[in-house]
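Shown next: run.csv, containing CSV, N, CA and C atoms.
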```csv
chain,number,residue,atom,x,y,z
A,9,MET,N,69.0,168.0,-5.4
A,9,MET,CA,69.5,169.2,-6.0
A,9,MET,C,68.5,169.5,-7.2
A,10,GLU,N,68.1,170.8,-7.3
A,10,GLU,CA,67.2,171.2,-8.3
A,10,GLU,C,67.9,171.5,-9.5
A,11,ASP,N,67.1,171.5,-10.6
A,11,ASP,CA,67.7,171.9,-11.9
A,11,ASP,C,68.2,173.3,-12.0
A,12,ALA,N,67.4,174.2,-11.3
A,12,ALA,CA,67.8,175.6,-11.3
A,12,ALA,C,69.2,175.8,-10.6
A,13,GLU,N,69.3,175.1,-9.5
A,13,GLU,CA,70.6,175.2,-8.7
A,13,GLU,C,71.8,174.7,-9.6
A,14,LEU,N,71.5,173.6,-10.2
A,14,LEU,CA,72.6,173.0,-11.1
A,14,LEU,C,72.9,173.9,-12.2
A,15,ALA,N,71.9,174.5,-12.8
A,15,ALA,CA,72.1,175.4,-13.9
A,15,ALA,C,72.9,176.6,-13.5
A,16,GLU,N,72.6,177.1,-12.3
A,16,GLU,CA,73.3,178.2,-11.7
A,16,GLU,C,74.8,177.9,-11.5
A,17,ILE,N,75.1,176.7,-11.0
A,17,ILE,CA,76.5,176.3,-10.7
A,17,ILE,C,77.2,176.2,-12.1
A,18,ARG,N,76.5,175.6,-13.1
A,18,ARG,CA,77.2,175.5,-14.4
A,18,ARG,C,77.5,176.8,-15.0
A,19,ALA,N,76.5,177.8,-14.9
A,19,ALA,CA,76.7,179.1,-15.4
A,19,ALA,C,77.9,179.8,-14.8
A,20,ARG,N,77.9,179.7,-13.4
A,20,ARG,CA,79.0,180.3,-12.7
A,20,ARG,C,80.3,179.7,-13.1
A,21,ARG,N,80.4,178.4,-13.2
A,21,ARG,CA,81.6,177.7,-13.6
A,21,ARG,C,82.1,178.1,-15.0
A,22,MET,N,81.1,178.2,-15.9
A,22,MET,CA,81.4,178.6,-17.3
A,22,MET,C,82.0,180.1,-17.3
A,23,ALA,N,81.4,181.0,-16.5
A,23,ALA,CA,81.9,182.3,-16.4
A,23,ALA,C,83.3,182.4,-15.9
A,24,GLU,N,83.6,181.5,-14.9
A,24,GLU,CA,84.9,181.5,-14.3
A,24,GLU,C,85.9,180.9,-15.3
A,25,MET,N,85.5,179.9,-16.1
A,25,MET,CA,86.4,179.4,-17.0
A,25,MET,C,86.7,180.4,-18.2
A,26,GLN,N,85.7,181.1,-18.6
A,26,GLN,CA,85.9,182.1,-19.6
A,26,GLN,C,86.8,183.2,-19.1
A,27,ALA,N,86.6,183.7,-17.9
A,27,ALA,CA,87.4,184.7,-17.3
A,27,ALA,C,88.9,184.2,-17.2
A,28,ALA,N,89.1,183.0,-16.7
A,28,ALA,CA,90.4,182.5,-16.5
A,28,ALA,C,91.1,182.3,-17.9
A,29,GLY,N,90.4,181.9,-18.9
A,29,GLY,CA,90.9,181.7,-20.2
A,29,GLY,C,91.4,183.0,-20.8
A,30,GLY,N,90.7,184.1,-20.6
A,30,GLY,CA,91.1,185.4,-21.1
A,30,GLY,C,92.3,186.0,-20.4
A,31,MET,N,92.5,185.6,-19.1
A,31,MET,CA,93.6,186.2,-18.4
A,31,MET,C,94.9,185.4,-18.6
A,32,ARG,N,94.7,184.2,-19.0
A,32,ARG,CA,96.0,183.4,-19.1
A,32,ARG,C,96.6,183.6,-20.4
A,33,GLY,N,96.7,183.8,-21.3
A,33,GLY,CA,97.5,184.0,-22.5
A,33,GLY,C,97.1,183.0,-23.6
A,34,GLY,N,96.3,182.1,-23.3
A,34,GLY,CA,96.0,181.1,-24.4
A,34,GLY,C,95.9,179.7,-23.9
A,35,PRO,N,95.6,178.8,-24.8
A,35,PRO,CA,95.5,177.4,-24.4
A,35,PRO,C,96.8,176.7,-24.2
A,36,GLY,N,97.9,177.3,-24.6
A,36,GLY,CA,99.2,176.7,-24.4
A,36,GLY,C,99.8,176.9,-23.0
A,37,THR,N,99.3,177.8,-22.3
A,37,THR,CA,99.9,178.1,-21.0
A,37,THR,C,99.3,177.2,-19.9
A,38,LEU,N,100.1,176.9,-18.9
A,38,LEU,CA,99.7,176.0,-17.8
A,38,LEU,C,98.9,176.8,-16.8
A,39,PRO,N,97.9,176.2,-16.1
A,39,PRO,CA,97.1,176.9,-15.1
A,39,PRO,C,98.0,177.2,-13.9
A,40,SER,N,97.7,178.3,-13.2
A,40,SER,CA,98.5,178.6,-12.0
A,40,SER,C,98.0,177.7,-10.9
A,41,GLN,N,98.8,177.8,-9.8
A,41,GLN,CA,98.5,177.0,-8.6
A,41,GLN,C,97.2,177.4,-8.0
A,42,GLU,N,96.9,178.6,-8.1
A,42,GLU,CA,95.6,179.1,-7.5
A,42,GLU,C,94.4,178.5,-8.3
A,43,GLU,N,94.5,178.6,-9.6
A,43,GLU,CA,93.5,178.0,-10.5
A,43,GLU,C,93.3,176.5,-10.3
A,44,THR,N,94.4,175.8,-10.2
A,44,THR,CA,94.4,174.4,-9.9
A,44,THR,C,93.7,174.1,-8.6
A,45,SER,N,94.1,174.8,-7.6
A,45,SER,CA,93.5,174.5,-6.3
A,45,SER,C,92.0,174.9,-6.3
A,46,ARG,N,91.6,175.9,-7.0
A,46,ARG,CA,90.2,176.3,-7.1
A,46,ARG,C,89.4,175.2,-7.8
A,47,GLN,N,90.0,174.7,-8.9
A,47,GLN,CA,89.3,173.6,-9.7
A,47,GLN,C,89.2,172.4,-8.8
A,48,ASN,N,90.2,172.0,-8.0
A,48,ASN,CA,90.1,170.9,-7.2
A,48,ASN,C,89.1,171.1,-6.1
A,49,GLU,N,89.0,172.3,-5.6
A,49,GLU,CA,88.0,172.6,-4.6
A,49,GLU,C,86.6,172.5,-5.2
A,50,GLN,N,86.4,172.9,-6.4
A,50,GLN,CA,85.1,172.8,-7.0
A,50,GLN,C,84.7,171.4,-7.3
A,51,LYS,N,85.7,170.6,-7.7
A,51,LYS,CA,85.4,169.2,-7.9
A,51,LYS,C,85.0,168.5,-6.6
A,52,GLN,N,85.7,168.8,-5.6
A,52,GLN,CA,85.4,168.2,-4.3
A,52,GLN,C,84.0,168.7,-3.8
A,53,GLU,N,83.6,169.9,-4.1
A,53,GLU,CA,82.3,170.4,-3.7
A,53,GLU,C,81.2,169.6,-4.5
A,54,MET,N,81.5,169.4,-5.8
A,54,MET,CA,80.5,168.7,-6.6
A,54,MET,C,80.4,167.2,-6.1
A,55,GLU,N,81.5,166.6,-5.7
A,55,GLU,CA,81.5,165.2,-5.2
A,55,GLU,C,80.7,165.2,-3.9
A,56,ASP,N,80.9,166.2,-3.0
A,56,ASP,CA,80.2,166.2,-1.8
A,56,ASP,C,78.7,166.3,-2.0
A,57,ARG,N,78.3,167.2,-2.9
A,57,ARG,CA,76.9,167.3,-3.3
A,57,ARG,C,76.3,166.0,-3.8
A,58,ARG,N,77.1,165.3,-4.6
A,58,ARG,CA,76.7,164.1,-5.2
A,58,ARG,C,76.5,163.0,-4.1
A,59,ARG,N,77.4,163.0,-3.1
A,59,ARG,CA,77.3,162.0,-2.0
A,59,ARG,C,76.1,162.3,-1.2
A,60,MET,N,75.8,163.6,-1.0
A,60,MET,CA,74.6,164.0,-0.2
A,60,MET,C,73.3,163.6,-0.9
A,61,MET,N,73.3,163.8,-2.2
A,61,MET,CA,72.1,163.4,-2.9
A,61,MET,C,71.9,161.9,-2.8
A,62,LEU,N,73.0,161.1,-3.0
A,62,LEU,CA,72.9,159.7,-2.9
A,62,LEU,C,72.4,159.2,-1.5
A,63,MET,N,72.9,159.9,-0.5
A,63,MET,CA,72.5,159.6,0.9
A,63,MET,C,71.0,159.8,1.0
A,64,GLN,N,70.4,160.8,0.4
A,64,GLN,CA,69.0,161.1,0.4
A,64,GLN,C,68.2,160.1,-0.4
A,65,LEU,N,68.8,159.6,-1.5
A,65,LEU,CA,68.1,158.7,-2.4
A,65,LEU,C,68.1,157.2,-1.9
A,66,LEU,N,69.2,156.8,-1.3
A,66,LEU,CA,69.4,155.4,-0.9
A,66,LEU,C,69.2,155.1,0.6
A,67,ASN,N,68.6,154.0,0.9
A,67,ASN,CA,68.6,153.6,2.3
A,67,ASN,C,69.9,153.0,2.7
A,68,ASN,N,70.1,152.7,3.9
A,68,ASN,CA,71.5,152.2,4.4
A,68,ASN,C,71.9,150.9,3.7
A,69,ASP,N,71.1,150.0,3.5
A,69,ASP,CA,71.5,148.7,2.9
A,69,ASP,C,71.9,148.9,1.4
A,70,ALA,N,71.1,149.7,0.7
A,70,ALA,CA,71.4,150.0,-0.7
A,70,ALA,C,72.7,150.8,-0.8
A,71,ARG,N,72.9,151.7,0.1
A,71,ARG,CA,74.1,152.5,0.0
A,71,ARG,C,75.3,151.6,0.3
A,72,GLU,N,75.2,150.7,1.2
A,72,GLU,CA,76.3,149.8,1.6
A,72,GLU,C,76.6,148.9,0.4
A,73,ARG,N,75.6,148.4,-0.3
A,73,ARG,CA,75.8,147.5,-1.5
A,73,ARG,C,76.5,148.3,-2.6
A,74,LEU,N,76.0,149.5,-2.8
A,74,LEU,CA,76.6,150.4,-3.8
A,74,LEU,C,78.1,150.7,-3.5
A,75,SER,N,78.4,150.8,-2.3
A,75,SER,CA,79.8,151.1,-1.9
A,75,SER,C,80.7,149.8,-2.1
A,76,ARG,N,80.1,148.7,-1.9
A,76,ARG,CA,80.8,147.4,-2.2
A,76,ARG,C,81.1,147.2,-3.7
A,77,ILE,N,80.1,147.6,-4.5
A,77,ILE,CA,80.2,147.5,-5.9
A,77,ILE,C,81.3,148.5,-6.4
A,78,ALA,N,81.3,149.7,-5.8
A,78,ALA,CA,82.3,150.7,-6.2
A,78,ALA,C,83.7,150.2,-5.9
A,79,LEU,N,83.9,149.4,-4.9
A,79,LEU,CA,85.2,148.8,-4.6
A,79,LEU,C,85.7,147.9,-5.8
A,80,VAL,N,84.8,147.1,-6.3
A,80,VAL,CA,85.1,146.1,-7.3
A,80,VAL,C,85.1,146.7,-8.7
A,81,LYS,N,84.0,147.4,-9.0
A,81,LYS,CA,83.8,148.0,-10.4
A,81,LYS,C,83.3,149.5,-10.2
A,82,PRO,N,84.3,150.4,-10.1
A,82,PRO,CA,84.0,151.8,-9.9
A,82,PRO,C,83.2,152.4,-11.1
A,83,ASP,N,83.4,151.9,-12.3
A,83,ASP,CA,82.7,152.5,-13.4
A,83,ASP,C,81.2,152.1,-13.4
A,84,LYS,N,81.0,150.9,-13.0
A,84,LYS,CA,79.6,150.4,-12.9
A,84,LYS,C,78.8,151.2,-11.8
A,85,ALA,N,79.5,151.4,-10.7
A,85,ALA,CA,78.9,152.1,-9.6
A,85,ALA,C,78.6,153.5,-10.0
A,86,ARG,N,79.5,154.1,-10.7
A,86,ARG,CA,79.3,155.5,-11.1
A,86,ARG,C,78.1,155.6,-12.1
A,87,LYS,N,78.0,154.6,-13.0
A,87,LYS,CA,76.9,154.6,-13.9
A,87,LYS,C,75.6,154.5,-13.2
A,88,ILE,N,75.5,153.7,-12.1
A,88,ILE,CA,74.3,153.5,-11.3
A,88,ILE,C,74.0,154.8,-10.6
A,89,GLU,N,75.0,155.4,-10.0
A,89,GLU,CA,74.8,156.7,-9.3
A,89,GLU,C,74.3,157.7,-10.3
A,90,ASP,N,74.8,157.8,-11.5
A,90,ASP,CA,74.4,158.8,-12.5
A,90,ASP,C,72.9,158.5,-12.8
A,91,MET,N,72.5,157.2,-13.0
A,91,MET,CA,71.1,156.9,-13.2
A,91,MET,C,70.2,157.3,-12.1
A,92,LEU,N,70.6,157.1,-10.9
A,92,LEU,CA,69.8,157.5,-9.7
A,92,LEU,C,69.6,159.0,-9.6
A,93,ILE,N,70.7,159.7,-9.8
A,93,ILE,CA,70.6,161.2,-9.7
A,93,ILE,C,69.8,161.8,-10.8
A,94,SER,N,70.0,161.3,-12.0
A,94,SER,CA,69.2,161.8,-13.1
A,94,SER,C,67.7,161.5,-12.9
A,95,ALA,N,67.4,160.3,-12.4
A,95,ALA,CA,66.0,159.9,-12.2
A,95,ALA,C,65.4,160.8,-11.1
A,96,ALA,N,66.2,161.1,-10.1
A,96,ALA,CA,65.7,162.0,-9.0
A,96,ALA,C,65.5,163.4,-9.5
A,97,GLN,N,66.3,163.9,-10.4
A,97,GLN,CA,66.2,165.2,-10.9
A,97,GLN,C,65.0,165.3,-11.8
A,98,ARG,N,64.6,164.2,-12.5
A,98,ARG,CA,63.4,164.2,-13.3
A,98,ARG,C,62.1,164.0,-12.5
A,99,GLY,N,62.3,163.6,-11.3
A,99,GLY,CA,61.1,163.4,-10.4
A,99,GLY,C,60.5,162.0,-10.5
A,100,GLN,N,61.3,161.1,-11.0
A,100,GLN,CA,60.8,159.7,-11.2
A,100,GLN,C,60.9,158.9,-9.9
A,101,LEU,N,61.7,159.3,-8.9
A,101,LEU,CA,61.8,158.5,-7.7
A,101,LEU,C,60.9,159.1,-6.6
A,102,ASN,N,60.0,158.3,-6.1
A,102,ASN,CA,59.0,158.8,-5.1
A,102,ASN,C,59.5,158.5,-3.7
A,103,GLU,N,60.3,157.5,-3.5
A,103,GLU,CA,60.8,157.0,-2.2
A,103,GLU,C,62.2,156.6,-2.3
A,104,LYS,N,62.8,156.3,-1.1
A,104,LYS,CA,64.2,155.9,-1.1
A,104,LYS,C,64.3,154.5,-1.7
A,105,ILE,N,65.5,154.4,-2.4
A,105,ILE,CA,65.8,153.1,-3.1
A,105,ILE,C,66.2,152.1,-2.0
A,106,THR,N,65.6,150.9,-2.1
A,106,THR,CA,66.0,149.8,-1.2
A,106,THR,C,67.0,148.9,-1.9
A,107,GLU,N,67.6,148.0,-1.1
A,107,GLU,CA,68.5,147.1,-1.7
A,107,GLU,C,67.9,146.2,-2.8
A,108,PRO,N,66.7,145.6,-2.6
A,108,PRO,CA,66.2,144.8,-3.7
A,108,PRO,C,66.0,145.7,-5.0
A,109,LYS,N,65.5,146.9,-4.8
A,109,LYS,CA,65.3,147.8,-6.0
A,109,LYS,C,66.7,148.0,-6.7
A,110,LEU,N,67.7,148.2,-5.9
A,110,LEU,CA,69.1,148.5,-6.5
A,110,LEU,C,69.6,147.2,-7.2
A,111,VAL,N,69.3,146.0,-6.6
A,111,VAL,CA,69.7,144.8,-7.3
A,111,VAL,C,68.9,144.7,-8.6
A,112,GLN,N,67.7,145.1,-8.6
A,112,GLN,CA,66.9,145.0,-9.9
A,112,GLN,C,67.5,145.9,-10.9
A,113,MET,N,67.9,147.1,-10.5
A,113,MET,CA,68.6,148.0,-11.5
A,113,MET,C,69.9,147.4,-12.0
A,114,LEU,N,70.6,146.8,-11.1
A,114,LEU,CA,71.9,146.1,-11.5
A,114,LEU,C,71.6,145.1,-12.6
A,115,GLU,N,70.6,144.3,-12.3
A,115,GLU,CA,70.3,143.2,-13.3
A,115,GLU,C,69.9,143.8,-14.6
A,116,GLN,N,69.2,144.9,-14.7
A,116,GLN,CA,68.8,145.6,-15.9
A,116,GLN,C,70.1,146.1,-16.6
A,117,ILE,N,71.0,146.6,-15.9
A,117,ILE,CA,72.2,147.1,-16.5
A,117,ILE,C,73.0,145.9,-17.1
A,118,ASN,N,73.1,144.8,-16.3
A,118,ASN,CA,73.8,143.6,-16.8
A,118,ASN,C,73.2,143.0,-18.1
A,119,GLU,N,71.8,143.1,-18.2
A,119,GLU,CA,71.1,142.6,-19.3
A,119,GLU,C,71.5,143.4,-20.6
A,120,VAL,N,71.6,144.7,-20.4
A,120,VAL,CA,72.0,145.6,-21.5
A,120,VAL,C,73.4,145.3,-21.9
A,121,ALA,N,74.3,145.1,-20.9
A,121,ALA,CA,75.7,144.9,-21.2
A,121,ALA,C,75.9,143.5,-21.9
A,122,THR,N,75.2,142.5,-21.5
A,122,THR,CA,75.3,141.2,-22.2
A,122,THR,C,74.8,141.2,-23.6
A,123,LYS,N,73.8,142.0,-23.8
A,123,LYS,CA,73.2,142.1,-25.2
A,123,LYS,C,74.2,142.8,-26.1
A,124,GLU,N,75.0,143.7,-25.6
A,124,GLU,CA,75.9,144.4,-26.5
A,124,GLU,C,77.1,143.5,-26.9
A,125,THR,N,77.5,142.6,-26.1
A,125,THR,CA,78.7,141.8,-26.4
A,125,THR,C,78.3,140.7,-27.4
A,126,LYS,N,79.0,140.7,-28.5
A,126,LYS,CA,78.8,139.6,-29.5
A,126,LYS,C,80.1,139.3,-30.1
A,127,ILE,N,80.5,138.0,-30.1
A,127,ILE,CA,81.7,137.5,-30.6
A,127,ILE,C,81.4,136.5,-31.7
A,128,THR,N,82.0,136.8,-32.8
A,128,THR,CA,81.9,135.8,-33.9
A,128,THR,C,83.2,135.3,-34.3
A,129,PHE,N,83.3,134.0,-34.6
A,129,PHE,CA,84.5,133.4,-35.0
A,129,PHE,C,84.4,133.0,-36.5
A,130,LYS,N,85.4,133.4,-37.2
A,130,LYS,CA,85.4,133.0,-38.6
A,130,LYS,C,86.6,132.0,-38.8
A,131,ARG,N,86.2,130.8,-39.0
A,131,ARG,CA,87.2,129.7,-39.1
A,131,ARG,C,87.6,129.6,-40.5
A,132,ARG,N,88.9,129.2,-40.7
A,132,ARG,CA,89.4,129.0,-42.1
A,132,ARG,C,89.0,127.6,-42.5
A,133,THR,N,88.8,127.5,-43.8
A,133,THR,CA,88.5,126.1,-44.3
A,133,THR,C,89.9,125.5,-44.7
A,134,PHE,N,89.9,124.2,-45.0
A,134,PHE,CA,91.1,123.5,-45.3
A,134,PHE,C,91.9,124.1,-46.4
A,135,GLY,N,91.3,124.5,-47.5
A,135,GLY,CA,92.0,125.0,-48.7
A,135,GLY,C,92.3,126.5,-48.6
A,136,ASP,N,92.0,127.1,-47.5
A,136,ASP,CA,92.2,128.6,-47.4
A,136,ASP,C,93.4,129.0,-46.5
A,137,GLU,N,94.4,128.1,-46.5
A,137,GLU,CA,95.6,128.4,-45.7
A,137,GLU,C,96.6,129.3,-46.4
A,138,ASP,N,97.2,130.2,-45.7
A,138,ASP,CA,98.2,131.1,-46.3
A,138,ASP,C,99.6,130.7,-46.1
A,139,ASP,N,99.9,129.4,-45.8
A,139,ASP,CA,101.2,128.9,-45.6
A,139,ASP,C,101.9,128.4,-46.8
A,140,ASP,N,101.7,129.1,-47.9
A,140,ASP,CA,102.3,128.6,-49.2
A,140,ASP,C,103.7,129.2,-49.4
A,141,PHE,N,104.7,128.5,-48.8
A,141,PHE,CA,106.1,129.0,-48.9
A,141,PHE,C,106.7,128.3,-50.1
```
Let's see the structure in the file written out as structure tokens.
Amino acid sequence: MEDAELAEIRARRMAEMQAAGGMRGGPGTLPSQEETSRQNEQKQEMEDRRRMMLMQLLNNDARERLSRIALVKPDKARKIEDMLISAAQRGQLNEKITEPKLVQMLEQINEVATKETKITFKRRTFGDEDDDF
């Protein structure tokens, strides 16, 4: 998907949202069934485009591994998919991603996640008890 195509979709969506907001009476009103079905249809269309892009970016083994990851940790799989799509849009991917390359990306994400986690314990000393009844 090209940046121009994505920008066009966003602009069209923004225009539709502005038109729908002006017709409805304000932020307190509920969307009609037609608007809801249209929004669901647009979400489905975006997900289909996302799947098609991933099919073009990943080979079969990598796609299979990513689907297994999505079963266990959907948020991590979504993060990887976002990384892949953004790299493809920037032109950083020259070939299809193989399974070893995907594993390497997963390891990089895990390293970042483990660096963020830090737990410190502050233990009380003997004379610092609050049990003075």
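For the residues A:Asn118, A:Gln50, A:Gln97, A:Ser40, ranking by smallest atom-to-atom distance to Ile17 (chain A) using only C-alpha atoms places A:Gln50 first.
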Contacts of Ile88 (chain A) at 8 Å or less, counting all atoms listed in the file, minus same-chain residues fewer than 6 places along, as an mmCIF file with N, CA and C atoms, in the frame of the given file?
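Now in around_34.cif:
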```
data_model
loop_
_atom_site.group_PDB
_atom_site.id
_atom_site.type_symbol
_atom_site.label_atom_id
_atom_site.label_comp_id
_atom_site.auth_asym_id
_atom_site.auth_seq_id
_atom_site.Cartn_x
_atom_site.Cartn_y
_atom_site.Cartn_z
ATOM 1 N N PRO A 82 84.300 150.400 -10.100
ATOM 2 C CA PRO A 82 84.000 151.800 -9.900
ATOM 3 C C PRO A 82 83.200 152.400 -11.100
ATOM 4 N N SER A 94 70.000 161.300 -12.000
ATOM 5 C CA SER A 94 69.200 161.800 -13.100
ATOM 6 C C SER A 94 67.700 161.500 -12.900
ATOM 7 N N MET A 113 67.900 147.100 -10.500
ATOM 8 C CA MET A 113 68.600 148.000 -11.500
ATOM 9 C C MET A 113 69.900 147.400 -12.000
ATOM 10 N N LEU A 114 70.600 146.800 -11.100
ATOM 11 C CA LEU A 114 71.900 146.100 -11.500
ATOM 12 C C LEU A 114 71.600 145.100 -12.600
#
```
May I have the protein, DNA and RNA residues with any atom at most 10 Å from the point (75.7, 161.1, -8.5), counting only C-alpha atoms, written as number ranges by chain?
A: 54-62, 85-94
Output N, CA and C atoms for every residue in that selection, as a PDB file, in the frame of the given file.
```pdb
ATOM      1  N   MET A  54      81.500 169.400  -5.800  1.00  0.00           N
ATOM      2  CA  MET A  54      80.500 168.700  -6.600  1.00  0.00           C
ATOM      3  C   MET A  54      80.400 167.200  -6.100  1.00  0.00           C
ATOM      4  N   GLU A  55      81.500 166.600  -5.700  1.00  0.00           N
ATOM      5  CA  GLU A  55      81.500 165.200  -5.200  1.00  0.00           C
ATOM      6  C   GLU A  55      80.700 165.200  -3.900  1.00  0.00           C
ATOM      7  N   ASP A  56      80.900 166.200  -3.000  1.00  0.00           N
ATOM      8  CA  ASP A  56      80.200 166.200  -1.800  1.00  0.00           C
ATOM      9  C   ASP A  56      78.700 166.300  -2.000  1.00  0.00           C
ATOM     10  N   ARG A  57      78.300 167.200  -2.900  1.00  0.00           N
ATOM     11  CA  ARG A  57      76.900 167.300  -3.300  1.00  0.00           C
ATOM     12  C   ARG A  57      76.300 166.000  -3.800  1.00  0.00           C
ATOM     13  N   ARG A  58      77.100 165.300  -4.600  1.00  0.00           N
ATOM     14  CA  ARG A  58      76.700 164.100  -5.200  1.00  0.00           C
ATOM     15  C   ARG A  58      76.500 163.000  -4.100  1.00  0.00           C
ATOM     16  N   ARG A  59      77.400 163.000  -3.100  1.00  0.00           N
ATOM     17  CA  ARG A  59      77.300 162.000  -2.000  1.00  0.00           C
ATOM     18  C   ARG A  59      76.100 162.300  -1.200  1.00  0.00           C
ATOM     19  N   MET A  60      75.800 163.600  -1.000  1.00  0.00           N
ATOM     20  CA  MET A  60      74.600 164.000  -0.200  1.00  0.00           C
ATOM     21  C   MET A  60      73.300 163.600  -0.900  1.00  0.00           C
ATOM     22  N   MET A  61      73.300 163.800  -2.200  1.00  0.00           N
ATOM     23  CA  MET A  61      72.100 163.400  -2.900  1.00  0.00           C
ATOM     24  C   MET A  61      71.900 161.900  -2.800  1.00  0.00           C
ATOM     25  N   LEU A  62      73.000 161.100  -3.000  1.00  0.00           N
ATOM     26  CA  LEU A  62      72.900 159.700  -2.900  1.00  0.00           C
ATOM     27  C   LEU A  62      72.400 159.200  -1.500  1.00  0.00           C
ATOM     28  N   ALA A  85      79.500 151.400 -10.700  1.00  0.00           N
ATOM     29  CA  ALA A  85      78.900 152.100  -9.600  1.00  0.00           C
ATOM     30  C   ALA A  85      78.600 153.500 -10.000  1.00  0.00           C
ATOM     31  N   ARG A  86      79.500 154.100 -10.700  1.00  0.00           N
ATOM     32  CA  ARG A  86      79.300 155.500 -11.100  1.00  0.00           C
ATOM     33  C   ARG A  86      78.100 155.600 -12.100  1.00  0.00           C
ATOM     34  N   LYS A  87      78.000 154.600 -13.000  1.00  0.00           N
ATOM     35  CA  LYS A  87      76.900 154.600 -13.900  1.00  0.00           C
ATOM     36  C   LYS A  87      75.600 154.500 -13.200  1.00  0.00           C
ATOM     37  N   ILE A  88      75.500 153.700 -12.100  1.00  0.00           N
ATOM     38  CA  ILE A  88      74.300 153.500 -11.300  1.00  0.00           C
ATOM     39  C   ILE A  88      74.000 154.800 -10.600  1.00  0.00           C
ATOM     40  N   GLU A  89      75.000 155.400 -10.000  1.00  0.00           N
ATOM     41  CA  GLU A  89      74.800 156.700  -9.300  1.00  0.00           C
ATOM     42  C   GLU A  89      74.300 157.700 -10.300  1.00  0.00           C
ATOM     43  N   ASP A  90      74.800 157.800 -11.500  1.00  0.00           N
ATOM     44  CA  ASP A  90      74.400 158.800 -12.500  1.00  0.00           C
ATOM     45  C   ASP A  90      72.900 158.500 -12.800  1.00  0.00           C
ATOM     46  N   MET A  91      72.500 157.200 -13.000  1.00  0.00           N
ATOM     47  CA  MET A  91      71.100 156.900 -13.200  1.00  0.00           C
ATOM     48  C   MET A  91      70.200 157.300 -12.100  1.00  0.00           C
ATOM     49  N   LEU A  92      70.600 157.100 -10.900  1.00  0.00           N
ATOM     50  CA  LEU A  92      69.800 157.500  -9.700  1.00  0.00           C
ATOM     51  C   LEU A  92      69.600 159.000  -9.600  1.00  0.00           C
ATOM     52  N   ILE A  93      70.700 159.700  -9.800  1.00  0.00           N
ATOM     53  CA  ILE A  93      70.600 161.200  -9.700  1.00  0.00           C
ATOM     54  C   ILE A  93      69.800 161.800 -10.800  1.00  0.00           C
ATOM     55  N   SER A  94      70.000 161.300 -12.000  1.00  0.00           N
ATOM     56  CA  SER A  94      69.200 161.800 -13.100  1.00  0.00           C
ATOM     57  C   SER A  94      67.700 161.500 -12.900  1.00  0.00           C
TER      58      SER A  94
END
```
Residues of region 19-128 of chain A in alpha helix (DSSP H) according to DSSP, as a ChimeraX atom specification?
/A:19-32,41-65,68-80,82-98,107-124
What's the separation between atom C of Val120 (chain A) and CA of Ser75 (chain A), in Å to one decimal place?
21.8 Å
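Taking CA of Ala28 (chain A) and atom C of Glu43 (chain A) as endpoints, the distance between them is 9.1 Å.
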Between atom C of Arg21 (chain A) and atom N of Arg98 (chain A), distance in Å (one decimal):
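We find that atom C of Arg21 (chain A) and atom N of Arg98 (chain A) lie 22.5 Å from each other.
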May I ask which of the residues A:Pro108, A:Asp11, A:Asn102, A:Arg46 is the closest one to Glu24 (chain A), counting only C-alpha atoms?
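Result for the nearest residue to Glu24 (chain A): A:Arg46.
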